Amino acid sequence: MQLRLEKRSQPSQLLRVVTPIAAVLLTMVLGAIVFTLLGYDGVGAVREIFISPLVNSYKWQDLAVKAAPLIIIAVGLAISYRANVWNIGAEGQYIIGAVVGTGVGLATNSMTGWWIMPLMMLAGAAGGAAYAAVPAFLRVRFRVNEILTTLMLTYVSVYVLNYLVFGPWKSPTSMGQPQTVMFSADQSLPYIIPGTIVQLNAPIAIVVALVAWLVFSRFVFGFQIRVVGAAPHAARYGGFSADRTVWLALLISGGLAGFAGVLEAMGPFGRLVPQFPTNYGFTAIIVAFLGRLHPIGVILAGLIVALSFVGGEMAQISIKLPFAAVGIFQAMMLFLLLASDLLVRYRLRVVRPGEVPA
Amino acid sequence: MPARLALRGITKRFPGVLANDNVSFEVKPGEIHALLGENGAGKSTLVKMIYGIMQPDAGEIFWNGERVTVANPKAARKLGVGMVFQHFSLFEAMTVLENIALGMDSKIPARELESKIRDVMDQYGLKLDPQRIVADLSVGERQRIEIVRALLLNPSLLIMDEPTSVLTPQEVDQLFVVLRQLAKEGCSILYISHKLHEIKALCETATILRGGRLVDTCDPRVETSRSMAEKMIGGNLKTIQKPAGRAFGAEKLVVKRLSMAGSGHFGIPLRDISLSVRAGEIFGIAGVAGNGQNALLLALSGEEPVSDAAAITIDGQPVGDLNAKRRRLKGLASVPEERNGHAAVPDFTLSDNAVLTARDRLGLAVRGLIRPGAAKKYAGDVISTFAVKATGSEAAAGSLSGGNLQKYIMGREILQKPTVLVVSQPTWGVDAGAAAAIHQAIVDLAATGSAVVVISQDLDELLGLCDTLAVINEGRLSKSMKVSEADIDEIGLLMGGIHGETEAAHAA
């Protein structure tokens, strides 16, 4: 007996939805086995990471806090990836967004007014977009691969952050700690549910995803992104410029990453510190793919990946699982998803001996 | 004397389709045997099994009366089966000799091989210098390499897959001389084609396939082209209905000294192309593949705008520097040769594919917002008007057969009532029924006063369809001539690159 892969005449729509779910379930099964073999309580680890945060209602707010930036960044990445523009430097755009937004925050720290918060958000988005404009320019003008440039600029951004926080932006009252001054009340995201830590960025993330969905399905711009990604020649034939699409994809994904960055600074962090980069920009790549590059899928995927973060922290305390285990779970999820994607386009067929292979 | 090759009940199944269903026929020694059928009739699958590329699911192959299993192409060559493919497998940067040496099953010293090659060439009058680089050769010369490669093995059956689709009429004649000589020496030839007049001129027997089944084996010399075509498509062939006494109106599309650099490494640049198409006129552009047809389509459609706006005018307005979207708004629609991924996005629905080119002219998108209802309705109109076989406007374009998708694409452009329509290879890889429908649609569009440009490698198609004809060769366009007064020999010479006075003018 022999297994063969056979190309489907059309990609299976059912499996397109089923495979991400299967990937998550398979991650749990394999994770349990792997960590049991490593000498941990594997089943307990999976329970702590994927189940416990769900059954403890007070953990749901943690979920919202972690999911919000992931969703905002991943929606931007989904737009970019759909256009076959591979921005993998969202982490850098996220950091620069926070830096530029904080710059506005420092300048307005002693002022009051409703306008300060939107201005900081705008500055953050603009900062992220401007940072992504560098790879866009290099790609369109000199055909430089954006995968390399976006990734490399991420490391630059970390140094920019550190320079400012250790140097010119260090708070005079920080007693030598590398950190900026705290944002004022007019510069901090309000809590939307009293008595919780859920801030304005959570509903904003949902709105961003819904708007992106609308743009994808109903606007010529979303259509352009989809055509350029699916068939570049057809896009040119339809009158869409490939270079313009590269620009737009990078500006939007960079802008959203920068927006997520400034929201994170104005929200959970409350100021800039060297510990600000938490790899949300990289994790969002997993979220974008797990969500099938679809804005609504990204919301669900963002919640699942946030779950693994929250659960990972719990498992660290309760069963002494190293936090790196979370990274292993997330990586497994992405690998299993990409592997199971094969089944969307191919079907598995059993060939019995004696039967002539096709 | 047993048949050279006999097939008994050959059946081959692919997922979702029966490519060959119980096919049996024989090829006698020294016979030129045609294998005739539309695209998708199962001809290629059948010869792939004879040449050992695929194995049949059921049935038997007999070689000189003995049952054989052809495990792979090497085994086929060992039996004495040679094959010349439609698409050549040659390395452009290498010489003829090196290419042939690479394709040999056994290693032969270069000197010995070269003398063998020269012998074969002398014997069959194939002119070719073994030391030339393939990149510099014409398509006809490249085909000769493949033929020589096959002949070096002294085959007793030579399979030719659509050999003339890339040749000029003169090259076709030369090829036929070689094939007839081979047959006289006892080599059987299995000749795959859908060009009926060639089969009538060359072959003694024709096996006709339709939908994977053998429908008839006949003598093409006593059949008419029409009777064979009807067996091939299994119905009555529609002839193009052209209204009598057609008069042309004002100039709609004028191209003046259009030049464009070639894109890519082997791209052909366009040089000083001039043409004029009037309202109601169908203007054909003939030529052997790879002589700048793609570049010309891109330049006319606006996918590759040129800096000189006045090089292309529509109704007198300069459009040369406009992109495809802007040119569509000026009334120019186009259909490129490649359906999947160029004229249509296979993963998108038919209504999304309508949005691709009709969004501005027909208001399928207003102020950046797509109107799905309007797109669906337009896709539905195209489907019903052009009898496209599809499950509806929400079917994925990639799920349609080649002919149906082509009808949909042509319909999508024609129903936009363009002032000028430019199409490339409108019936390439399309079955005869769909081809007739597409031709009729082009004629009908011209009758409403549109100017139509048809770029095609199929000279028969152009002669039947067009009013005016010009030939493209190495990026240059010949002077235009009326089809009714055209001389087929002259067209053939132009296709082969003899420019006559045009060439002299350029040299001056």
# chains A, B, ... in the order shown; residues from 1 in each chain; ligands from 1
>>> interface_residues(of="chain B", to="chain A", cutoff="10 Å", atoms="only C-alpha atoms", output="mmCIF file with N, CA and C atoms, in the first residue's frame")
data_model
loop_
_atom_site.group_PDB
_atom_site.id
_atom_site.type_symbol
_atom_site.label_atom_id
_atom_site.label_comp_id
_atom_site.auth_asym_id
_atom_site.auth_seq_id
_atom_site.Cartn_x
_atom_site.Cartn_y
_atom_site.Cartn_z
ATOM 1 N N LYS B 12 -7.176 5.392 -20.344
ATOM 2 C CA LYS B 12 -6.398 6.169 -19.378
ATOM 3 C C LYS B 12 -7.334 7.134 -18.669
ATOM 4 N N ARG B 13 -7.285 7.064 -17.340
ATOM 5 C CA ARG B 13 -8.195 7.878 -16.546
ATOM 6 C C ARG B 13 -7.393 8.856 -15.696
ATOM 7 N N PHE B 14 -7.831 10.107 -15.680
ATOM 8 C CA PHE B 14 -7.274 11.096 -14.756
ATOM 9 C C PHE B 14 -8.378 11.461 -13.780
ATOM 10 N N PRO B 15 -8.015 12.056 -12.650
ATOM 11 C CA PRO B 15 -9.067 12.448 -11.709
ATOM 12 C C PRO B 15 -10.126 13.296 -12.424
ATOM 13 N N GLY B 16 -11.329 12.800 -12.453
ATOM 14 C CA GLY B 16 -12.429 13.582 -13.000
ATOM 15 C C GLY B 16 -12.582 13.521 -14.502
ATOM 16 N N MET B 54 3.730 7.990 -19.934
ATOM 17 C CA MET B 54 2.663 7.547 -19.036
ATOM 18 C C MET B 54 2.366 6.084 -19.324
ATOM 19 N N GLN B 55 1.710 5.436 -18.380
ATOM 20 C CA GLN B 55 1.307 4.052 -18.578
ATOM 21 C C GLN B 55 -0.209 3.985 -18.688
ATOM 22 N N PRO B 56 -0.731 3.156 -19.608
ATOM 23 C CA PRO B 56 -2.186 3.045 -19.704
ATOM 24 C C PRO B 56 -2.773 2.330 -18.477
ATOM 25 N N ASP B 57 -4.018 2.676 -18.124
ATOM 26 C CA ASP B 57 -4.701 1.974 -17.038
ATOM 27 C C ASP B 57 -5.159 0.603 -17.521
ATOM 28 N N ALA B 58 -5.507 0.519 -18.809
ATOM 29 C CA ALA B 58 -5.931 -0.762 -19.372
ATOM 30 C C ALA B 58 -5.572 -0.752 -20.849
ATOM 31 N N LEU B 298 0.965 44.223 -25.598
ATOM 32 C CA LEU B 298 1.159 45.009 -24.373
ATOM 33 C C LEU B 298 1.204 46.498 -24.693
ATOM 34 N N SER B 301 -2.483 47.503 -25.670
ATOM 35 C CA SER B 301 -3.459 47.451 -24.580
ATOM 36 C C SER B 301 -3.173 48.501 -23.514
ATOM 37 N N GLY B 302 -1.941 48.992 -23.465
ATOM 38 C CA GLY B 302 -1.602 49.984 -22.452
ATOM 39 C C GLY B 302 -0.938 49.365 -21.241
ATOM 40 N N GLU B 303 -0.687 48.053 -21.287
ATOM 41 C CA GLU B 303 0.017 47.430 -20.173
ATOM 42 C C GLU B 303 1.468 47.889 -20.131
ATOM 43 N N GLU B 304 2.003 48.244 -21.308
ATOM 44 C CA GLU B 304 3.334 48.841 -21.377
ATOM 45 C C GLU B 304 3.192 50.173 -22.109
ATOM 46 N N LEU B 322 -0.895 56.411 -21.944
ATOM 47 C CA LEU B 322 -1.895 56.044 -20.938
ATOM 48 C C LEU B 322 -1.781 54.566 -20.577
ATOM 49 N N ASN B 323 -2.139 54.219 -19.326
ATOM 50 C CA ASN B 323 -2.122 52.809 -18.936
ATOM 51 C C ASN B 323 -3.423 52.138 -19.364
ATOM 52 N N ALA B 324 -3.518 50.846 -19.082
ATOM 53 C CA ALA B 324 -4.641 50.049 -19.586
ATOM 54 C C ALA B 324 -5.989 50.602 -19.108
ATOM 55 N N LYS B 325 -6.043 51.031 -17.863
ATOM 56 C CA LYS B 325 -7.303 51.548 -17.304
ATOM 57 C C LYS B 325 -7.752 52.801 -18.061
ATOM 58 N N ARG B 326 -6.816 53.714 -18.295
ATOM 59 C CA ARG B 326 -7.165 54.960 -18.967
ATOM 60 C C ARG B 326 -7.544 54.710 -20.427
ATOM 61 N N ARG B 327 -6.830 53.751 -21.062
ATOM 62 C CA ARG B 327 -7.154 53.474 -22.461
ATOM 63 C C ARG B 327 -8.541 52.853 -22.566
ATOM 64 N N ARG B 328 -8.909 52.043 -21.570
ATOM 65 C CA ARG B 328 -10.259 51.471 -21.605
ATOM 66 C C ARG B 328 -11.296 52.564 -21.557
ATOM 67 N N SER B 334 -8.892 45.045 -24.710
ATOM 68 C CA SER B 334 -7.922 44.098 -25.243
ATOM 69 C C SER B 334 -8.086 42.744 -24.582
ATOM 70 N N VAL B 335 -7.631 41.710 -25.270
ATOM 71 C CA VAL B 335 -7.619 40.356 -24.717
ATOM 72 C C VAL B 335 -6.260 39.739 -25.006
ATOM 73 N N PRO B 336 -5.443 39.510 -23.980
ATOM 74 C CA PRO B 336 -4.132 38.897 -24.220
ATOM 75 C C PRO B 336 -4.275 37.404 -24.501
ATOM 76 N N GLU B 338 -2.735 34.748 -23.069
ATOM 77 C CA GLU B 338 -2.791 33.834 -21.927
ATOM 78 C C GLU B 338 -4.058 34.106 -21.115
ATOM 79 N N ARG B 339 -4.891 33.082 -20.992
ATOM 80 C CA ARG B 339 -6.147 33.267 -20.272
ATOM 81 C C ARG B 339 -5.926 33.282 -18.774
ATOM 82 N N ASN B 340 -5.207 32.266 -18.273
ATOM 83 C CA ASN B 340 -5.070 32.100 -16.832
ATOM 84 C C ASN B 340 -3.969 32.987 -16.288
ATOM 85 N N GLY B 341 -4.340 33.917 -15.451
ATOM 86 C CA GLY B 341 -3.342 34.758 -14.819
ATOM 87 C C GLY B 341 -3.032 36.022 -15.581
ATOM 88 N N HIS B 342 -3.592 36.179 -16.777
ATOM 89 C CA HIS B 342 -3.384 37.427 -17.497
ATOM 90 C C HIS B 342 -4.741 38.048 -17.873
ATOM 91 N N ALA B 343 -5.493 37.350 -18.724
ATOM 92 C CA ALA B 343 -6.810 37.872 -19.085
ATOM 93 C C ALA B 343 -7.817 37.643 -17.971
ATOM 94 N N ALA B 344 -7.535 36.686 -17.113
ATOM 95 C CA ALA B 344 -8.447 36.389 -16.009
ATOM 96 C C ALA B 344 -7.650 35.887 -14.818
ATOM 97 N N VAL B 345 -8.223 36.046 -13.632
ATOM 98 C CA VAL B 345 -7.593 35.525 -12.429
ATOM 99 C C VAL B 345 -8.299 34.215 -12.088
ATOM 100 N N PRO B 346 -7.598 33.074 -12.215
ATOM 101 C CA PRO B 346 -8.276 31.784 -12.066
ATOM 102 C C PRO B 346 -8.968 31.593 -10.714
ATOM 103 N N ASP B 347 -8.377 32.137 -9.639
ATOM 104 C CA ASP B 347 -8.952 31.927 -8.308
ATOM 105 C C ASP B 347 -10.160 32.817 -8.032
ATOM 106 N N PHE B 348 -10.385 33.810 -8.887
ATOM 107 C CA PHE B 348 -11.485 34.744 -8.640
ATOM 108 C C PHE B 348 -12.758 34.230 -9.295
ATOM 109 N N ASP B 352 -16.035 38.735 -10.146
ATOM 110 C CA ASP B 352 -14.822 39.500 -9.804
ATOM 111 C C ASP B 352 -13.970 39.724 -11.048
ATOM 112 N N ASN B 353 -13.938 38.740 -11.933
ATOM 113 C CA ASN B 353 -13.200 38.909 -13.180
ATOM 114 C C ASN B 353 -13.852 39.931 -14.097
ATOM 115 N N VAL B 355 -15.208 42.653 -12.833
ATOM 116 C CA VAL B 355 -14.758 43.907 -12.211
ATOM 117 C C VAL B 355 -13.360 44.275 -12.719
ATOM 118 N N LEU B 356 -12.551 43.250 -12.994
ATOM 119 C CA LEU B 356 -11.166 43.474 -13.407
ATOM 120 C C LEU B 356 -11.059 44.457 -14.573
ATOM 121 N N THR B 357 -11.893 44.288 -15.599
ATOM 122 C CA THR B 357 -11.731 45.170 -16.764
ATOM 123 C C THR B 357 -12.946 46.039 -17.045
ATOM 124 N N ALA B 358 -14.100 45.708 -16.470
ATOM 125 C CA ALA B 358 -15.308 46.451 -16.850
ATOM 126 C C ALA B 358 -15.746 47.437 -15.778
ATOM 127 N N ARG B 359 -14.938 47.583 -14.700
ATOM 128 C CA ARG B 359 -15.425 48.360 -13.564
ATOM 129 C C ARG B 359 -15.665 49.821 -13.890
ATOM 130 N N LEU B 364 -19.235 49.276 -12.644
ATOM 131 C CA LEU B 364 -19.266 48.187 -11.671
ATOM 132 C C LEU B 364 -18.575 48.617 -10.381
ATOM 133 N N ALA B 365 -17.858 49.717 -10.446
ATOM 134 C CA ALA B 365 -17.290 50.322 -9.244
ATOM 135 C C ALA B 365 -17.501 51.824 -9.358
ATOM 136 N N VAL B 366 -18.039 52.411 -8.300
ATOM 137 C CA VAL B 366 -18.280 53.845 -8.305
ATOM 138 C C VAL B 366 -17.562 54.468 -7.121
ATOM 139 N N ARG B 367 -16.737 55.451 -7.381
ATOM 140 C CA ARG B 367 -15.951 56.132 -6.345
ATOM 141 C C ARG B 367 -15.227 55.149 -5.429
ATOM 142 N N GLY B 368 -14.576 54.179 -6.037
ATOM 143 C CA GLY B 368 -13.758 53.254 -5.259
ATOM 144 C C GLY B 368 -14.529 52.143 -4.584
ATOM 145 N N LEU B 369 -15.860 52.161 -4.696
ATOM 146 C CA LEU B 369 -16.676 51.145 -4.051
ATOM 147 C C LEU B 369 -17.210 50.192 -5.118
ATOM 148 N N ILE B 370 -16.983 48.889 -4.909
ATOM 149 C CA ILE B 370 -17.463 47.905 -5.886
ATOM 150 C C ILE B 370 -18.951 47.657 -5.676
ATOM 151 N N ARG B 371 -19.673 47.539 -6.791
ATOM 152 C CA ARG B 371 -21.104 47.211 -6.694
ATOM 153 C C ARG B 371 -21.275 45.738 -7.073
ATOM 154 N N PRO B 372 -21.315 44.858 -6.073
ATOM 155 C CA PRO B 372 -21.344 43.414 -6.360
ATOM 156 C C PRO B 372 -22.573 43.015 -7.172
ATOM 157 N N ALA B 396 -15.615 29.928 -9.979
ATOM 158 C CA ALA B 396 -14.234 30.397 -10.127
ATOM 159 C C ALA B 396 -13.842 30.312 -11.600
ATOM 160 N N GLY B 398 -11.099 29.649 -12.897
ATOM 161 C CA GLY B 398 -10.250 28.491 -13.129
ATOM 162 C C GLY B 398 -11.015 27.188 -13.282
ATOM 163 N N SER B 399 -12.299 27.178 -12.899
ATOM 164 C CA SER B 399 -13.066 25.936 -13.006
ATOM 165 C C SER B 399 -13.652 25.763 -14.400
#
>>> residues_around(residues="region 146-157 of chain B", least_positions_apart="5", cutoff="6 Å", atoms="only C-alpha atoms", output="number ranges by chain")
B: 80-82, 84, 100, 187-189
>>> select_by_dssp(residues="region 249-410 of chain B", states="alpha helix (DSSP H)", output="MDAnalysis selection string")
chainID B and resid 293:301 324:329 350:358 372:385 402:410
>>> closest_residue(among="B:Pro318, B:Gly411, B:Gly125, B:Gly373", to="Ala441 (chain B)", atoms="only C-alpha atoms")
B:Gly411
>>> residues_around(residues="Lys170 (chain A)", least_positions_apart="6", cutoff="6 Å", atoms="only C-alpha atoms", output="PDB file with N, CA and C atoms, in the first residue's frame")
ATOM      1  N   PRO A 178      16.616  53.822  32.673  1.00  0.00           N
ATOM      2  CA  PRO A 178      16.379  54.232  31.289  1.00  0.00           C
ATOM      3  C   PRO A 178      14.889  54.160  30.965  1.00  0.00           C
ATOM      4  N   GLN A 179      14.199  55.260  31.084  1.00  0.00           N
ATOM      5  CA  GLN A 179      12.776  55.307  30.738  1.00  0.00           C
ATOM      6  C   GLN A 179      12.350  56.746  30.530  1.00  0.00           C
ATOM      7  N   THR A 180      11.295  56.933  29.729  1.00  0.00           N
ATOM      8  CA  THR A 180      10.782  58.277  29.514  1.00  0.00           C
ATOM      9  C   THR A 180       9.828  58.619  30.645  1.00  0.00           C
TER      10      THR A 180
END
>>> residues_around(residues="Leu334 (chain A)", least_positions_apart="3", cutoff="9 Å", atoms="only C-alpha atoms", output="list in words")
Ala23, Val24, Ile286, Val287, Phe289, Leu290, Phe329, Gln330, Ala331, Leu337, Leu338 and Ala339 of chain A
>>> write_last_selection(atoms="N, CA and C atoms", output="mmCIF file, in the first residue's frame")
data_model
loop_
_atom_site.group_PDB
_atom_site.id
_atom_site.type_symbol
_atom_site.label_atom_id
_atom_site.label_comp_id
_atom_site.auth_asym_id
_atom_site.auth_seq_id
_atom_site.Cartn_x
_atom_site.Cartn_y
_atom_site.Cartn_z
ATOM 1 N N ALA A 23 -4.729 22.521 12.707
ATOM 2 C CA ALA A 23 -3.347 22.827 13.073
ATOM 3 C C ALA A 23 -3.247 23.122 14.562
ATOM 4 N N VAL A 24 -4.232 23.864 15.097
ATOM 5 C CA VAL A 24 -4.210 24.202 16.522
ATOM 6 C C VAL A 24 -4.391 22.934 17.362
ATOM 7 N N ILE A 286 2.659 35.040 12.403
ATOM 8 C CA ILE A 286 1.948 33.774 12.631
ATOM 9 C C ILE A 286 0.444 34.035 12.652
ATOM 10 N N VAL A 287 0.060 35.128 13.331
ATOM 11 C CA VAL A 287 -1.369 35.442 13.434
ATOM 12 C C VAL A 287 -1.964 35.663 12.044
ATOM 13 N N PHE A 289 -1.032 34.483 9.120
ATOM 14 C CA PHE A 289 -1.182 33.242 8.355
ATOM 15 C C PHE A 289 -2.218 32.317 8.971
ATOM 16 N N LEU A 290 -2.196 32.220 10.319
ATOM 17 C CA LEU A 290 -3.175 31.373 10.994
ATOM 18 C C LEU A 290 -4.583 31.881 10.692
ATOM 19 N N PHE A 329 5.312 26.310 21.007
ATOM 20 C CA PHE A 329 3.918 26.054 20.632
ATOM 21 C C PHE A 329 3.496 26.915 19.441
ATOM 22 N N GLN A 330 3.876 28.191 19.480
ATOM 23 C CA GLN A 330 3.472 29.081 18.389
ATOM 24 C C GLN A 330 4.131 28.659 17.075
ATOM 25 N N ALA A 331 5.394 28.276 17.157
ATOM 26 C CA ALA A 331 6.097 27.860 15.943
ATOM 27 C C ALA A 331 5.475 26.583 15.383
ATOM 28 N N LEU A 337 0.257 24.425 10.297
ATOM 29 C CA LEU A 337 -0.700 25.072 9.394
ATOM 30 C C LEU A 337 -0.169 25.042 7.963
ATOM 31 N N LEU A 338 1.092 25.415 7.810
ATOM 32 C CA LEU A 338 1.666 25.445 6.460
ATOM 33 C C LEU A 338 1.679 24.037 5.868
ATOM 34 N N ALA A 339 1.979 23.048 6.719
ATOM 35 C CA ALA A 339 2.019 21.667 6.228
ATOM 36 C C ALA A 339 0.628 21.201 5.823
#
>>> atom_distance(atom1="CA of Thr205 (chain B)", atom2="CA of Ala432 (chain B)")
21.6 Å
>>> closest_residue(among="A:Val34, A:Leu5, A:Ala301, A:Ala90", to="Ile252 (chain A)", atoms="only C-alpha atoms")
A:Ala90
>>> residues_around(residues="Leu202 (chain B)", least_positions_apart="4", cutoff="9 Å", atoms="only C-alpha atoms", output="mmCIF file with C-alpha atoms, in the first residue's frame")
data_model
loop_
_atom_site.group_PDB
_atom_site.id
_atom_site.type_symbol
_atom_site.label_atom_id
_atom_site.label_comp_id
_atom_site.auth_asym_id
_atom_site.auth_seq_id
_atom_site.Cartn_x
_atom_site.Cartn_y
_atom_site.Cartn_z
ATOM 1 C CA ILE B 32 1.894 8.517 -42.517
ATOM 2 C CA HIS B 33 -0.929 8.274 -40.045
ATOM 3 C CA ALA B 34 -2.760 11.316 -38.732
ATOM 4 C CA PHE B 176 6.568 17.545 -45.589
ATOM 5 C CA LEU B 179 8.446 13.278 -43.786
ATOM 6 C CA ARG B 180 7.487 11.803 -47.171
ATOM 7 C CA HIS B 197 -5.640 20.721 -45.079
ATOM 8 C CA GLU B 198 -2.191 19.554 -43.966
ATOM 9 C CA PRO B 220 -8.175 11.918 -45.495
ATOM 10 C CA ARG B 221 -7.507 12.049 -49.245
#
>>> residues_around(residues="Gly42 (chain A)", least_positions_apart="4", cutoff="6 Å", atoms="only C-alpha atoms", output="ChimeraX atom specification")
/A:32,35-36
>>> residues_around(residues="Phe276 (chain A)", least_positions_apart="4", cutoff="10 Å", atoms="only C-alpha atoms", output="list in words")
Tyr94, Ile95, Ala98, Val158, Leu161, Asn162, Gly261, Glu264, Ala265, Phe269, Arg271 and Leu272 of chain A
>>> atom_distance(atom1="CA of Val326 (chain A)", atom2="CA of Glu48 (chain A)")
11.2 Å
>>> closest_residue(among="A:Ala185, A:Val160, A:Val85, A:Val344", to="Thr108 (chain A)", atoms="only C-alpha atoms")
A:Ala185
>>> atom_distance(atom1="CA of Ser456 (chain B)", atom2="CA of Ile285 (chain B)")
6.3 Å
>>> closest_residue(among="A:Asp62, A:Glu91, A:Asp341, A:Asp186", to="Pro118 (chain A)", atoms="only C-alpha atoms")
A:Asp186
>>> closest_residue(among="A:Phe309, A:Trp247, A:Phe216, A:Tyr346", to="Ile296 (chain A)", atoms="only C-alpha atoms")
A:Phe216
>>> closest_residue(among="B:Ile53, B:Val430, B:Leu7, B:Val454", to="Glu66 (chain B)", atoms="only C-alpha atoms")
B:Leu7
>>> select_by_dssp(residues="region 263-354 of chain A", states="strand (DSSP E or B)", output="list in words")
Tyr346, Arg347, Leu348, Arg349, Val350 and Val351 of chain A
>>> write_last_selection(atoms="N, CA and C atoms", output="PDB file, in the first residue's frame")
ATOM      1  N   TYR A 346      -4.237  19.584  -2.560  1.00  0.00           N
ATOM      2  CA  TYR A 346      -4.029  18.188  -2.952  1.00  0.00           C
ATOM      3  C   TYR A 346      -4.894  17.279  -2.077  1.00  0.00           C
ATOM      4  N   ARG A 347      -5.248  16.145  -2.623  1.00  0.00           N
ATOM      5  CA  ARG A 347      -5.925  15.162  -1.794  1.00  0.00           C
ATOM      6  C   ARG A 347      -4.997  13.957  -1.642  1.00  0.00           C
ATOM      7  N   LEU A 348      -5.190  13.257  -0.505  1.00  0.00           N
ATOM      8  CA  LEU A 348      -4.389  12.091  -0.224  1.00  0.00           C
ATOM      9  C   LEU A 348      -5.145  10.878  -0.725  1.00  0.00           C
ATOM     10  N   ARG A 349      -4.454  10.015  -1.492  1.00  0.00           N
ATOM     11  CA  ARG A 349      -5.140   8.843  -2.008  1.00  0.00           C
ATOM     12  C   ARG A 349      -4.326   7.617  -1.681  1.00  0.00           C
ATOM     13  N   VAL A 350      -5.010   6.562  -1.315  1.00  0.00           N
ATOM     14  CA  VAL A 350      -4.336   5.311  -1.007  1.00  0.00           C
ATOM     15  C   VAL A 350      -4.303   4.469  -2.275  1.00  0.00           C
ATOM     16  N   VAL A 351      -3.103   4.063  -2.666  1.00  0.00           N
ATOM     17  CA  VAL A 351      -2.973   3.214  -3.848  1.00  0.00           C
ATOM     18  C   VAL A 351      -2.628   1.816  -3.370  1.00  0.00           C
TER      19      VAL A 351
END
